[in-house]
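The next block is my_file-v5.csv, given as CSV, C-alpha atoms and all ligand atoms.
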```
chain,number,residue,atom,x,y,z
A,245,MET,CA,36.3,-64.2,48.3
A,246,ARG,CA,36.7,-61.8,45.3
A,247,LEU,CA,38.8,-58.7,45.9
A,248,PRO,CA,37.5,-55.5,44.4
A,249,THR,CA,39.4,-54.4,41.4
A,250,LEU,CA,40.9,-50.9,41.9
A,251,PRO,CA,41.4,-48.5,39.1
A,252,PRO,CA,45.1,-48.2,38.1
A,253,VAL,CA,45.4,-44.6,39.4
A,254,LEU,CA,44.4,-45.6,42.9
A,255,LEU,CA,46.7,-48.6,42.8
A,256,LEU,CA,49.6,-46.2,42.0
A,257,ALA,CA,48.7,-43.8,44.8
A,258,LEU,CA,48.5,-46.7,47.3
A,259,ALA,CA,52.0,-47.9,46.2
A,260,ALA,CA,53.5,-44.4,46.6
A,261,MET,CA,51.9,-44.1,50.1
A,262,THR,CA,53.4,-47.4,51.2
A,263,ALA,CA,56.8,-46.5,49.9
A,264,ASN,CA,56.7,-43.1,51.8
A,265,ALA,CA,55.6,-44.7,55.0
A,266,SER,CA,58.4,-47.3,54.9
A,267,ALA,CA,61.0,-44.5,54.2
A,268,ALA,CA,59.8,-42.5,57.2
A,269,GLU,CA,59.5,-45.4,59.6
A,270,PRO,CA,62.3,-48.0,59.1
A,271,ALA,CA,61.4,-51.4,60.6
A,272,ASN,CA,64.1,-51.2,63.3
A,273,PRO,CA,64.8,-47.5,64.1
A,274,ALA,CA,68.2,-47.0,65.6
A,275,PRO,CA,67.8,-46.1,69.3
A,276,ALA,CA,68.5,-42.4,70.0
A,277,LYS,CA,72.1,-42.0,71.2
A,278,PRO,CA,72.1,-41.5,75.0
A,279,LYS,CA,73.0,-38.1,76.2
A,280,THR,CA,76.0,-37.3,78.2
A,281,ALA,CA,77.1,-34.0,79.6
A,282,LEU,CA,79.8,-32.6,81.8
A,283,VAL,CA,80.4,-29.2,83.4
A,284,ILE,CA,83.3,-28.3,85.7
A,285,HIS,CA,84.5,-25.2,87.6
A,286,GLY,CA,87.8,-24.0,89.0
A,287,GLY,CA,86.2,-21.5,91.3
A,288,ALA,CA,84.6,-18.1,91.3
A,289,GLY,CA,86.6,-15.0,92.2
A,290,PHE,CA,87.2,-11.4,91.4
A,291,VAL,CA,90.1,-11.9,89.0
A,292,PRO,CA,90.4,-8.9,86.7
A,293,LYS,CA,91.0,-9.8,83.1
A,294,ASP,CA,94.3,-7.9,82.9
A,295,ALA,CA,95.5,-9.5,86.2
A,296,ILE,CA,96.1,-12.8,84.3
A,297,GLY,CA,99.2,-13.0,82.1
A,298,GLU,CA,99.2,-14.9,78.9
A,299,ALA,CA,101.1,-17.9,80.2
A,300,ASP,CA,98.8,-18.2,83.3
A,301,ARG,CA,95.8,-17.9,81.1
A,302,ARG,CA,97.0,-20.7,78.9
A,303,ALA,CA,97.7,-22.8,82.0
A,304,TYR,CA,94.2,-22.3,83.4
A,305,HIS,CA,92.6,-23.2,80.1
A,306,ALA,CA,94.9,-26.2,79.7
A,307,ALA,CA,94.1,-27.5,83.2
A,308,LEU,CA,90.3,-27.1,82.6
A,309,GLU,CA,90.7,-29.0,79.2
A,310,ARG,CA,92.6,-31.8,80.9
A,311,ALA,CA,89.8,-32.2,83.5
A,312,LEU,CA,87.1,-32.2,80.8
A,313,ASP,CA,89.1,-34.8,78.9
A,314,ALA,CA,89.3,-37.0,82.0
A,315,GLY,CA,85.6,-36.8,82.8
A,316,HIS,CA,84.5,-37.1,79.2
A,317,ALA,CA,86.6,-40.2,78.6
A,318,VAL,CA,84.7,-42.0,81.4
A,319,LEU,CA,81.3,-40.9,80.0
A,320,GLN,CA,82.2,-41.8,76.4
A,321,ARG,CA,83.0,-45.4,77.4
A,322,GLY,CA,79.7,-45.7,79.2
A,323,GLY,CA,81.1,-45.1,82.7
A,324,SER,CA,79.2,-43.7,85.5
A,325,ALA,CA,78.6,-40.0,86.3
A,326,LEU,CA,80.2,-40.7,89.7
A,327,ASP,CA,83.4,-41.9,88.0
A,328,ALA,CA,83.4,-39.0,85.6
A,329,VAL,CA,83.2,-36.3,88.3
A,330,THR,CA,85.8,-38.1,90.4
A,331,ALA,CA,88.2,-38.2,87.4
A,332,ALA,CA,87.6,-34.5,86.5
A,333,VAL,CA,88.0,-33.3,90.1
A,334,VAL,CA,91.2,-35.3,90.7
A,335,VAL,CA,92.8,-33.5,87.7
A,336,LEU,CA,91.8,-30.1,89.1
A,337,GLU,CA,93.0,-31.0,92.6
A,338,ASP,CA,96.4,-31.9,91.1
A,339,ALA,CA,96.6,-28.6,89.2
A,340,PRO,CA,98.4,-26.0,91.3
A,341,GLN,CA,96.3,-23.2,89.7
A,342,PHE,CA,93.2,-24.1,91.7
A,343,ASN,CA,92.3,-23.9,95.4
A,344,ALA,CA,92.0,-27.6,96.0
A,345,GLY,CA,94.6,-30.3,96.6
A,346,LYS,CA,98.0,-28.9,95.4
A,347,GLY,CA,97.6,-25.1,95.4
A,348,ALA,CA,95.1,-25.0,98.2
A,349,VAL,CA,94.9,-21.8,100.2
A,350,PHE,CA,96.6,-21.4,103.7
A,351,ASN,CA,94.6,-21.0,106.9
A,352,ALA,CA,95.4,-18.4,109.5
A,353,GLN,CA,98.1,-20.8,111.0
A,354,GLY,CA,99.9,-21.2,107.7
A,355,ARG,CA,98.6,-24.7,107.1
A,356,HIS,CA,96.1,-26.3,104.7
A,357,GLU,CA,92.8,-27.9,105.7
A,358,LEU,CA,90.9,-29.4,102.9
A,359,ASP,CA,87.1,-30.1,102.4
A,360,ALA,CA,85.4,-32.2,99.7
A,361,SER,CA,82.1,-33.9,99.0
A,362,ILE,CA,80.5,-36.1,96.3
A,363,MET,CA,76.9,-37.1,95.7
A,364,GLU,CA,75.2,-39.5,93.3
A,365,GLY,CA,71.7,-38.4,92.4
A,366,HIS,CA,69.6,-41.5,91.7
A,367,THR,CA,70.8,-43.4,94.8
A,368,ARG,CA,71.2,-40.3,97.0
A,369,ARG,CA,74.5,-41.7,98.3
A,370,ALA,CA,76.9,-39.0,99.5
A,371,GLY,CA,80.3,-38.8,101.1
A,372,ALA,CA,82.3,-35.9,102.5
A,373,VAL,CA,85.4,-35.0,104.4
A,374,ALA,CA,86.2,-31.8,106.3
A,375,GLY,CA,89.5,-30.3,107.5
A,376,VAL,CA,91.8,-33.0,106.2
A,377,THR,CA,95.5,-32.2,106.1
A,378,THR,CA,97.4,-35.1,104.5
A,379,ILE,CA,95.1,-36.4,101.8
A,380,LYS,CA,96.5,-35.7,98.3
A,381,ASN,CA,93.0,-36.0,96.6
A,382,PRO,CA,90.3,-35.3,99.2
A,383,ILE,CA,87.6,-36.1,96.7
A,384,ARG,CA,88.8,-39.7,96.7
A,385,LEU,CA,88.5,-39.9,100.5
A,386,ALA,CA,85.0,-38.3,100.3
A,387,ARG,CA,84.1,-41.1,97.9
A,388,ALA,CA,85.6,-43.7,100.2
A,389,VAL,CA,83.5,-42.4,103.1
A,390,MET,CA,80.4,-42.8,100.8
A,391,GLU,CA,81.4,-46.3,99.6
A,392,HIS,CA,83.2,-47.9,102.6
A,393,SER,CA,81.6,-46.4,105.7
A,394,PRO,CA,78.1,-46.1,107.0
A,395,HIS,CA,78.5,-42.3,107.3
A,396,VAL,CA,78.2,-39.2,105.1
A,397,MET,CA,80.9,-37.0,106.6
A,398,LEU,CA,84.1,-37.5,108.5
A,399,ALA,CA,86.1,-34.6,109.8
A,400,GLY,CA,89.7,-33.9,111.0
A,401,ALA,CA,91.6,-36.6,112.9
A,402,GLY,CA,88.7,-39.1,112.4
A,403,ALA,CA,88.8,-38.6,108.6
A,404,GLU,CA,92.6,-39.1,108.7
A,405,ALA,CA,92.3,-42.3,110.7
A,406,PHE,CA,89.7,-43.6,108.3
A,407,ALA,CA,92.2,-42.8,105.5
A,408,ASP,CA,94.7,-45.0,107.3
A,409,THR,CA,92.4,-47.9,106.7
A,410,ARG,CA,92.2,-47.3,102.9
A,411,PRO,CA,95.5,-48.1,101.2
A,412,GLU,CA,94.3,-46.6,97.9
A,413,ILE,CA,94.2,-43.1,99.5
A,414,GLU,CA,97.5,-41.3,98.7
A,415,ARG,CA,99.0,-39.4,101.6
A,416,VAL,CA,101.3,-36.3,101.5
A,417,PRO,CA,102.9,-34.0,104.0
A,418,ASN,CA,100.9,-30.8,104.5
A,419,ALA,CA,103.6,-28.8,102.9
A,420,TYR,CA,102.9,-30.6,99.6
A,421,PHE,CA,99.9,-28.3,99.1
A,422,ASP,CA,102.1,-25.1,99.4
A,423,THR,CA,102.5,-22.7,96.5
A,424,ASP,CA,104.1,-19.2,96.6
A,425,LYS,CA,101.0,-17.6,95.2
A,426,ARG,CA,98.9,-18.8,98.1
A,427,ARG,CA,101.5,-17.8,100.6
A,428,GLN,CA,101.5,-14.2,99.2
A,429,GLN,CA,97.6,-14.2,99.4
A,430,LEU,CA,97.8,-15.2,103.1
A,431,GLU,CA,100.4,-12.5,103.9
A,432,LYS,CA,98.2,-9.9,102.1
A,433,ALA,CA,95.0,-11.1,104.0
A,434,GLN,CA,96.9,-11.0,107.3
A,435,ARG,CA,98.1,-7.5,106.6
A,436,GLU,CA,94.6,-6.3,105.9
A,437,GLU,CA,93.3,-8.1,109.0
A,438,ALA,CA,95.9,-6.4,111.2
A,439,ALA,CA,94.8,-3.1,109.8
A,440,LYS,CA,91.0,-3.6,110.0
A,441,GLY,CA,90.2,-6.5,112.3
A,442,GLU,CA,88.9,-9.9,111.2
A,443,ARG,CA,85.3,-9.2,110.7
A,444,GLU,CA,85.8,-6.0,108.8
A,445,ALA,CA,88.6,-7.4,106.6
A,446,ARG,CA,86.3,-10.2,105.5
A,447,ALA,CA,83.2,-8.0,105.0
A,448,GLY,CA,85.1,-5.0,103.5
A,449,GLY,CA,85.3,-3.9,100.0
A,450,ASP,CA,88.4,-5.9,99.2
A,451,ALA,CA,88.2,-8.9,96.9
A,452,PRO,CA,87.0,-11.9,99.0
A,453,ALA,CA,89.6,-14.3,100.1
A,454,TYR,CA,88.5,-17.2,98.0
A,455,PHE,CA,89.6,-18.2,94.5
A,456,GLY,CA,89.6,-21.6,92.8
A,457,THR,CA,87.5,-24.2,94.6
A,458,VAL,CA,86.9,-26.9,92.0
A,459,GLY,CA,83.9,-29.0,91.1
A,460,ALA,CA,82.2,-31.1,88.5
A,461,VAL,CA,78.7,-32.3,87.6
A,462,ALA,CA,78.1,-35.1,85.0
A,463,LEU,CA,75.2,-36.9,83.3
A,464,ASP,CA,76.0,-40.4,82.1
A,465,VAL,CA,74.5,-42.7,79.4
A,466,HIS,CA,72.2,-44.2,82.0
A,467,GLY,CA,70.6,-40.8,82.7
A,468,HIS,CA,72.3,-40.6,86.1
A,469,ILE,CA,73.7,-37.4,87.6
A,470,ALA,CA,76.6,-37.0,90.1
A,471,ALA,CA,78.2,-33.9,91.5
A,472,ALA,CA,81.6,-33.3,93.3
A,473,THR,CA,83.3,-30.3,95.0
A,474,SER,CA,86.8,-29.9,96.5
A,475,THR,CA,88.5,-26.9,98.2
A,476,GLY,CA,91.1,-25.5,100.5
A,477,GLY,CA,88.4,-23.2,101.8
A,478,MET,CA,89.1,-19.5,102.3
A,479,THR,CA,92.5,-17.8,102.7
A,480,ASN,CA,93.3,-17.0,106.4
A,481,LYS,CA,90.3,-19.0,107.6
A,482,ARG,CA,90.4,-19.9,111.3
A,483,TRP,CA,91.7,-23.3,112.2
A,484,GLY,CA,88.8,-25.7,112.2
A,485,ARG,CA,86.6,-23.5,109.9
A,486,VAL,CA,84.5,-25.7,107.6
A,487,GLY,CA,82.9,-24.1,104.5
A,488,ASP,CA,80.0,-25.2,102.2
A,489,SER,CA,82.0,-27.4,99.9
A,490,PRO,CA,81.7,-30.6,102.1
A,491,VAL,CA,78.2,-29.8,103.2
A,492,ILE,CA,75.6,-31.8,101.2
A,493,GLY,CA,72.9,-29.4,100.0
A,494,ALA,CA,75.1,-26.3,100.4
A,495,GLY,CA,78.1,-26.8,98.2
A,496,THR,CA,77.2,-30.1,96.5
A,497,TRP,CA,73.9,-31.7,95.5
A,498,ALA,CA,72.6,-34.3,93.1
A,499,ASP,CA,69.2,-35.9,92.6
A,500,GLU,CA,67.4,-37.7,89.8
A,501,ARG,CA,66.8,-34.5,87.8
A,502,CYS,CA,69.6,-32.1,88.7
A,503,GLY,CA,73.1,-31.7,90.1
A,504,VAL,CA,75.1,-28.7,91.4
A,505,SER,CA,78.6,-27.8,92.6
A,506,GLY,CA,79.0,-24.3,94.2
A,507,THR,CA,81.9,-22.0,94.7
A,508,GLY,CA,81.9,-18.8,96.6
A,509,TRP,CA,81.7,-17.3,100.1
A,510,GLY,CA,80.8,-20.5,101.9
A,511,GLU,CA,79.0,-19.2,104.9
A,512,PHE,CA,76.3,-17.7,102.6
A,513,TYR,CA,76.1,-21.0,100.6
A,514,ILE,CA,75.5,-22.9,103.9
A,515,ARG,CA,72.9,-20.4,105.2
A,516,ASN,CA,71.0,-20.5,101.9
A,517,ALA,CA,71.4,-24.3,101.1
A,518,VAL,CA,72.4,-23.1,97.7
A,519,ALA,CA,73.0,-26.4,95.8
A,520,HIS,CA,69.8,-28.0,97.1
A,521,ASP,CA,67.8,-24.8,96.5
A,522,ILE,CA,68.7,-24.8,92.8
A,523,CYS,CA,67.6,-28.4,92.3
A,524,ALA,CA,64.5,-28.0,94.6
A,525,ARG,CA,63.3,-25.2,92.3
A,526,VAL,CA,63.6,-27.5,89.3
A,527,ALA,CA,61.9,-30.4,91.2
A,528,TYR,CA,59.1,-28.6,93.0
A,529,ARG,CA,58.3,-25.6,90.8
A,530,GLY,CA,59.3,-26.9,87.4
A,531,ASP,CA,61.7,-24.0,86.9
A,532,SER,CA,64.2,-24.4,84.1
A,533,LEU,CA,67.7,-25.2,85.3
A,534,GLN,CA,68.9,-21.8,84.0
A,535,ALA,CA,66.2,-19.9,85.8
A,536,ALA,CA,66.7,-21.7,89.1
A,537,ALA,CA,70.5,-21.3,89.1
A,538,GLU,CA,70.3,-17.6,88.1
A,539,GLU,CA,67.8,-16.9,90.8
A,540,VAL,CA,69.7,-18.5,93.6
A,541,VAL,CA,73.2,-17.3,92.5
A,542,ASN,CA,72.4,-13.8,91.2
A,543,ARG,CA,69.6,-12.8,93.6
A,544,ILE,CA,69.4,-14.8,96.8
A,545,VAL,CA,73.1,-15.1,97.6
A,546,PRO,CA,73.9,-11.4,96.9
A,547,ALA,CA,70.8,-10.2,98.7
A,548,ALA,CA,72.1,-12.1,101.8
A,549,GLY,CA,75.5,-10.3,101.4
A,550,GLY,CA,77.4,-13.2,99.8
A,551,ASP,CA,78.9,-13.8,96.4
A,552,GLY,CA,80.1,-16.6,94.1
A,553,GLY,CA,78.9,-18.9,91.4
A,554,ALA,CA,77.7,-22.4,90.7
A,555,ILE,CA,77.6,-25.0,87.9
A,556,ALA,CA,74.5,-27.0,87.4
A,557,LEU,CA,73.2,-29.7,85.0
A,558,ASP,CA,69.9,-31.5,84.5
A,559,ARG,CA,68.8,-34.8,83.2
A,560,ASP,CA,68.2,-33.4,79.7
A,561,GLY,CA,71.8,-32.3,79.5
A,562,ASN,CA,71.1,-28.6,80.0
A,563,ILE,CA,73.9,-26.7,81.7
A,564,ALA,CA,73.9,-23.5,83.7
A,565,MET,CA,77.0,-21.6,85.0
A,566,PRO,CA,75.9,-18.4,86.7
A,567,PHE,CA,78.3,-16.3,88.8
A,568,ASN,CA,78.2,-12.8,90.3
A,569,SER,CA,81.9,-12.5,91.1
A,570,GLY,CA,83.3,-11.1,87.9
A,571,SER,CA,85.0,-14.4,86.9
A,572,MET,CA,84.6,-18.1,87.3
A,573,PHE,CA,86.9,-20.7,85.8
A,574,ARG,CA,84.7,-23.1,84.0
A,575,GLY,CA,84.4,-25.7,81.2
A,576,TRP,CA,81.7,-27.8,79.6
A,577,ILE,CA,80.9,-30.5,77.1
A,578,LYS,CA,77.3,-30.5,76.0
A,579,PRO,CA,75.3,-33.5,74.8
A,580,ASP,CA,75.9,-32.5,71.1
A,581,GLY,CA,79.7,-32.7,71.8
A,582,SER,CA,80.3,-29.0,71.7
A,583,ARG,CA,82.8,-27.9,74.4
A,584,GLY,CA,84.5,-24.9,75.8
A,585,THR,CA,86.4,-23.3,78.6
A,586,ALA,CA,86.1,-19.7,79.9
A,587,ILE,CA,87.1,-17.4,82.8
A,588,HIS,CA,85.3,-14.1,82.5
A,589,GLU,CA,81.8,-13.1,81.4
A,590,GLY,CA,80.9,-13.2,77.7
A,591,GLU,CA,83.7,-15.6,76.8
A,601,LIG,N1,83.1,-22.1,98.9
A,601,LIG,C1,84.4,-22.3,99.4
A,601,LIG,C2,84.5,-22.1,100.9
A,601,LIG,O1,83.8,-21.2,101.4
A,601,LIG,C3,85.4,-21.4,98.8
A,601,LIG,C4,85.3,-21.2,97.3
A,601,LIG,O2,84.4,-21.6,96.7
A,601,LIG,O3,86.3,-20.7,96.7
A,601,LIG,O4,85.2,-22.8,101.6
```

Transcribe the structure of this file into structure tokens.
Ligand code: ASP
Amino acid sequence: MRLPTLPPVLLLALAAMTANASAAEPANPAPAKPKTALVIHGGAGFVPKDAIGEADRRAYHAALERALDAGHAVLQRGGSALDAVTAAVVVLEDAPQFNAGKGAVFNAQGRHELDASIMEGHTRRAGAVAGVTTIKNPIRLARAVMEHSPHVMLAGAGAEAFADTRPEIERVPNAYFDTDKRRQQLEKAQREEAAKGEREARAGGDAPAYFGTVGAVALDVHGHIAAATSTGGMTNKRWGRVGDSPVIGAGTWADERCGVSGTGWGEFYIRNAVAHDICARVAYRGDSLQAAAEEVVNRIVPAAGGDGGAIALDRDGNIAMPFNSGSMFRGWIKPDGSRGTAIHEGE
């Protein structure tokens, strides 16, 4: 067959088009780098800016940075979101600045009862412990409940007995969690309670008795999300009181699209299923993560009479960190690698 002869001008134009096309579409395009993201909190609370001295401020930021580094290292080497949130929360539990693990608040009896939970989104596996007293890192025990028991939550003596069967779970005497700062907070709360009565002291205009619950939410290279939360609860809480932090759907939630860790006045977080509500708005209404988190934290919780904050992350790596409590210790590493830590608004 004879090919038609093309005029030279047309031949030149065809050659240029072919060259352009191959420049725009290489034969083997490099796959887009998978996104990872990490967001952490060290608790919401009413901590006025001038109430934190320079040395304390540096210590808070340094602890948040260490937690970010620990979680990020896991994500960078292709590890799971579950391992990343565990690593970040363990660092925050060990830092005495925060109300979780070492540095946990005292209950009304002058002891520490710790709550924690963890959830993996794509499998909907979850584990939690409530009211544990000798577990150095309650988040590790929550994860052990998830991975090595048929249950989601174990409480009190039963959780301690389960820990006896797990040699990897480090035990400490209850006094390990003591710090002077938390003892002073207990004494102050008990003075106020003696003056006003329990209900009024809690509901009164004074700063609420929580500061420093910790949490983390991560997105890994596989597109999976996990969330974790750990706390000593609220200062001067009654013996046996369990807050939102170990309650899946209240203080912690993760699904295929979204993960949340909350911090605040736990009773209101339980009554409003805060962590789940944020992700449900994303799943069912198609709300943006930011809109969903803002609506729940800044409208629904305060309208009910509560306060606090939350960190949230979605499968695109978007991050939201709303709070209505004046301050929230927080840190983040976005998919583009940008990172930061902050305490007050506008930082
Ligand atoms: N939500 C926790 C609780 O009520 C306290 C906190 O977030 O600081 O136990």

Give me, as a tab-separated table, each residue of region 476-546 of chain A that comes within 10 Å of region 412-429 of chain A, together with its shortest interatomic pair and the distance in Å at one decimal, counting all atoms listed in the file, with rows ordered by chain and rising residue number.
```
residue	atom	partner	partner_atom	distance
A:Gly476	CA	A:Phe421	CA	9.3
A:Thr479	CA	A:Gln429	CA	7.1
A:Asn480	CA	A:Gln429	CA	8.7
```

**Item:** Top pick for closest residue to ligand LIG 601 (chain A), considering A:Ala471, A:Ile296, A:Ile555, A:Ala586 and counting only C-alpha atoms and all ligand atoms
**Value:**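 So, comparing all the options, the nearest one is A:Ile555.
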
**Request:** Could you please determine the separation between CA of Arg543 (chain A) and CA of Ser505 (chain A) in Å, to one decimal place?
**Result:**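 So the answer is 17.5 Å.
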
Report as JSON lines the residues of chain A within 10 Å of ligand LIG 601 (chain A), each with its shortest atom pair and distance in Å (one decimal), using all atoms listed in the file, ordered by chain and increasing residue number.
```
{"residue": "A:His285", "atom": "CA", "partner": "A:LIG601", "partner_atom": "O2", "distance": 9.8}
{"residue": "A:Gly286", "atom": "CA", "partner": "A:LIG601", "partner_atom": "O3", "distance": 8.5}
{"residue": "A:Gly287", "atom": "CA", "partner": "A:LIG601", "partner_atom": "O3", "distance": 5.5}
{"residue": "A:Ala288", "atom": "CA", "partner": "A:LIG601", "partner_atom": "O3", "distance": 6.2}
{"residue": "A:Gly289", "atom": "CA", "partner": "A:LIG601", "partner_atom": "O3", "distance": 7.3}
{"residue": "A:Phe342", "atom": "CA", "partner": "A:LIG601", "partner_atom": "O3", "distance": 9.2}
{"residue": "A:Asn343", "atom": "CA", "partner": "A:LIG601", "partner_atom": "O3", "distance": 6.9}
{"residue": "A:Ala344", "atom": "CA", "partner": "A:LIG601", "partner_atom": "O3", "distance": 9.0}
{"residue": "A:Ala348", "atom": "CA", "partner": "A:LIG601", "partner_atom": "O3", "distance": 9.9}
{"residue": "A:Val349", "atom": "CA", "partner": "A:LIG601", "partner_atom": "O3", "distance": 9.3}
{"residue": "A:Leu358", "atom": "CA", "partner": "A:LIG601", "partner_atom": "O4", "distance": 8.8}
{"residue": "A:Asp359", "atom": "CA", "partner": "A:LIG601", "partner_atom": "O4", "distance": 7.6}
{"residue": "A:Ala360", "atom": "CA", "partner": "A:LIG601", "partner_atom": "O4", "distance": 9.6}
{"residue": "A:Pro452", "atom": "CA", "partner": "A:LIG601", "partner_atom": "O3", "distance": 9.1}
{"residue": "A:Ala453", "atom": "CA", "partner": "A:LIG601", "partner_atom": "O3", "distance": 8.0}
{"residue": "A:Tyr454", "atom": "CA", "partner": "A:LIG601", "partner_atom": "O3", "distance": 4.3}
{"residue": "A:Phe455", "atom": "CA", "partner": "A:LIG601", "partner_atom": "O3", "distance": 4.7}
{"residue": "A:Gly456", "atom": "CA", "partner": "A:LIG601", "partner_atom": "O3", "distance": 5.2}
{"residue": "A:Thr457", "atom": "CA", "partner": "A:LIG601", "partner_atom": "O3", "distance": 4.3}
{"residue": "A:Val458", "atom": "CA", "partner": "A:LIG601", "partner_atom": "O2", "distance": 7.5}
{"residue": "A:Gly459", "atom": "CA", "partner": "A:LIG601", "partner_atom": "O2", "distance": 9.3}
{"residue": "A:Thr473", "atom": "CA", "partner": "A:LIG601", "partner_atom": "O2", "distance": 8.9}
{"residue": "A:Ser474", "atom": "CA", "partner": "A:LIG601", "partner_atom": "C1", "distance": 8.5}
{"residue": "A:Thr475", "atom": "CA", "partner": "A:LIG601", "partner_atom": "O4", "distance": 6.3}
{"residue": "A:Gly476", "atom": "CA", "partner": "A:LIG601", "partner_atom": "O4", "distance": 6.6}
{"residue": "A:Gly477", "atom": "CA", "partner": "A:LIG601", "partner_atom": "O4", "distance": 3.2}
{"residue": "A:Met478", "atom": "CA", "partner": "A:LIG601", "partner_atom": "O4", "distance": 5.2}
{"residue": "A:Thr479", "atom": "CA", "partner": "A:LIG601", "partner_atom": "C3", "distance": 8.9}
{"residue": "A:Lys481", "atom": "CA", "partner": "A:LIG601", "partner_atom": "O4", "distance": 8.7}
{"residue": "A:Arg485", "atom": "CA", "partner": "A:LIG601", "partner_atom": "O4", "distance": 8.4}
{"residue": "A:Val486", "atom": "CA", "partner": "A:LIG601", "partner_atom": "O4", "distance": 6.7}
{"residue": "A:Gly487", "atom": "CA", "partner": "A:LIG601", "partner_atom": "O4", "distance": 3.9}
{"residue": "A:Asp488", "atom": "CA", "partner": "A:LIG601", "partner_atom": "N1", "distance": 5.5}
{"residue": "A:Ser489", "atom": "CA", "partner": "A:LIG601", "partner_atom": "N1", "distance": 5.5}
{"residue": "A:Pro490", "atom": "CA", "partner": "A:LIG601", "partner_atom": "O4", "distance": 8.6}
{"residue": "A:Ala494", "atom": "CA", "partner": "A:LIG601", "partner_atom": "N1", "distance": 9.2}
{"residue": "A:Gly495", "atom": "CA", "partner": "A:LIG601", "partner_atom": "N1", "distance": 6.9}
{"residue": "A:Ser505", "atom": "CA", "partner": "A:LIG601", "partner_atom": "O2", "distance": 9.4}
{"residue": "A:Gly506", "atom": "CA", "partner": "A:LIG601", "partner_atom": "O2", "distance": 6.5}
{"residue": "A:Thr507", "atom": "CA", "partner": "A:LIG601", "partner_atom": "O2", "distance": 3.2}
{"residue": "A:Gly508", "atom": "CA", "partner": "A:LIG601", "partner_atom": "O2", "distance": 3.8}
{"residue": "A:Trp509", "atom": "CA", "partner": "A:LIG601", "partner_atom": "O1", "distance": 4.6}
{"residue": "A:Gly510", "atom": "CA", "partner": "A:LIG601", "partner_atom": "O1", "distance": 3.1}
{"residue": "A:Glu511", "atom": "CA", "partner": "A:LIG601", "partner_atom": "O1", "distance": 6.3}
{"residue": "A:Phe512", "atom": "CA", "partner": "A:LIG601", "partner_atom": "O1", "distance": 8.4}
{"residue": "A:Tyr513", "atom": "CA", "partner": "A:LIG601", "partner_atom": "N1", "distance": 7.3}
{"residue": "A:Ile514", "atom": "CA", "partner": "A:LIG601", "partner_atom": "O1", "distance": 8.8}
{"residue": "A:Asp551", "atom": "CA", "partner": "A:LIG601", "partner_atom": "O2", "distance": 9.5}
{"residue": "A:Gly552", "atom": "CA", "partner": "A:LIG601", "partner_atom": "O2", "distance": 7.1}
{"residue": "A:Gly553", "atom": "CA", "partner": "A:LIG601", "partner_atom": "O2", "distance": 8.1}
{"residue": "A:Ala554", "atom": "CA", "partner": "A:LIG601", "partner_atom": "O2", "distance": 9.0}
{"residue": "A:Met572", "atom": "CA", "partner": "A:LIG601", "partner_atom": "O3", "distance": 9.9}
```

**Request:** Mind giving me the straight-line distance from CA of Thr280 (chain A) to CA of Asp464 (chain A) in Å, one decimal?
**Result:**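 Separating CA of Thr280 (chain A) from CA of Asp464 (chain A) is a distance of 5.0 Å.
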
**Request:** State, in Å with one decimal place, the distance from CA of Trp576 (chain A) to CA of Tyr528 (chain A).
**Result:**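 That distance, rounded to one decimal, is 26.3 Å.
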
**Distance criterion (only C-alpha atoms): nearest to Arg355 (chain A) out of A:Arg525, A:Arg482, A:Arg369, A:Arg559** =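 Counting only C-alpha atoms, the residue closest to Arg355 (chain A) is A:Arg482.
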
**Request:** Tell me which protein, DNA and RNA residues are within 10 Å of Val334 (chain A), counting all atoms listed in the file, leaving out same-chain ones fewer than 3 positions away, and put them as a list in words.
**Result:** Ala311, Ala314, Gly315, Val329, Thr330, Ala331, Glu337, Asp338, Ala339, Ala344, Gly345, Lys380, Asn381, Pro382, Ile383, Arg384, Val458, Gly459 and Ser474 of chain A

**Asked** From the list A:Leu463, A:Val396, A:Ala527, A:Ala519, which residue is nearest Asn562 (chain A) when using only C-alpha atoms?
**Response** A:Leu463

**Prompt:** With all atoms listed in the file as the basis for distance, which of A:Pro566, A:Gly365, A:Gly575, A:Gly530 is at the shortest distance from Ala306 (chain A)?
**Reply:**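 Closest to Ala306 (chain A), using all atoms listed in the file: A:Gly575.
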
**Item:** Residue nearest Gly371 (chain A) among A:Thr496, A:Ser532, A:Gln353, A:Gln320 (counting all atoms listed in the file)
**Value:**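 Among the listed residues, the smallest separation from Gly371 (chain A) belongs to A:Thr496.
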
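The closest residue to Asn568 (chain A), picked from A:Arg583, A:His395, A:His588, A:Arg310 and counting all atoms listed in the file, is A:His588.
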
**Message:** With only C-alpha atoms as the counted atoms, please give the residues lying no more than 9 Å from region 403-406 of chain A, apart from itself and same-chain residues fewer than 4 positions off, as a PyMOL selection string.
**Reply:** chain A and resi 373-379+385+389+393+397-399+410

**Request:** Tell me which protein, DNA and RNA residues are within 10 Å of Gly503 (chain A), counting all atoms listed in the file, leaving out same-chain ones fewer than 5 positions away, and put them as JSON, numbers by chain.
**Result:** {"A": [363, 364, 365, 460, 461, 462, 463, 468, 469, 470, 471, 472, 496, 497, 498, 519, 520, 522, 523, 533, 555, 556, 557, 558, 559, 563]}

**Residues near Phe290 (chain A), cut-off 6 Å, all atoms listed in the file, skip fewer than 4 positions along chain, as a PyMOL selection string** = chain A and resi 569-571
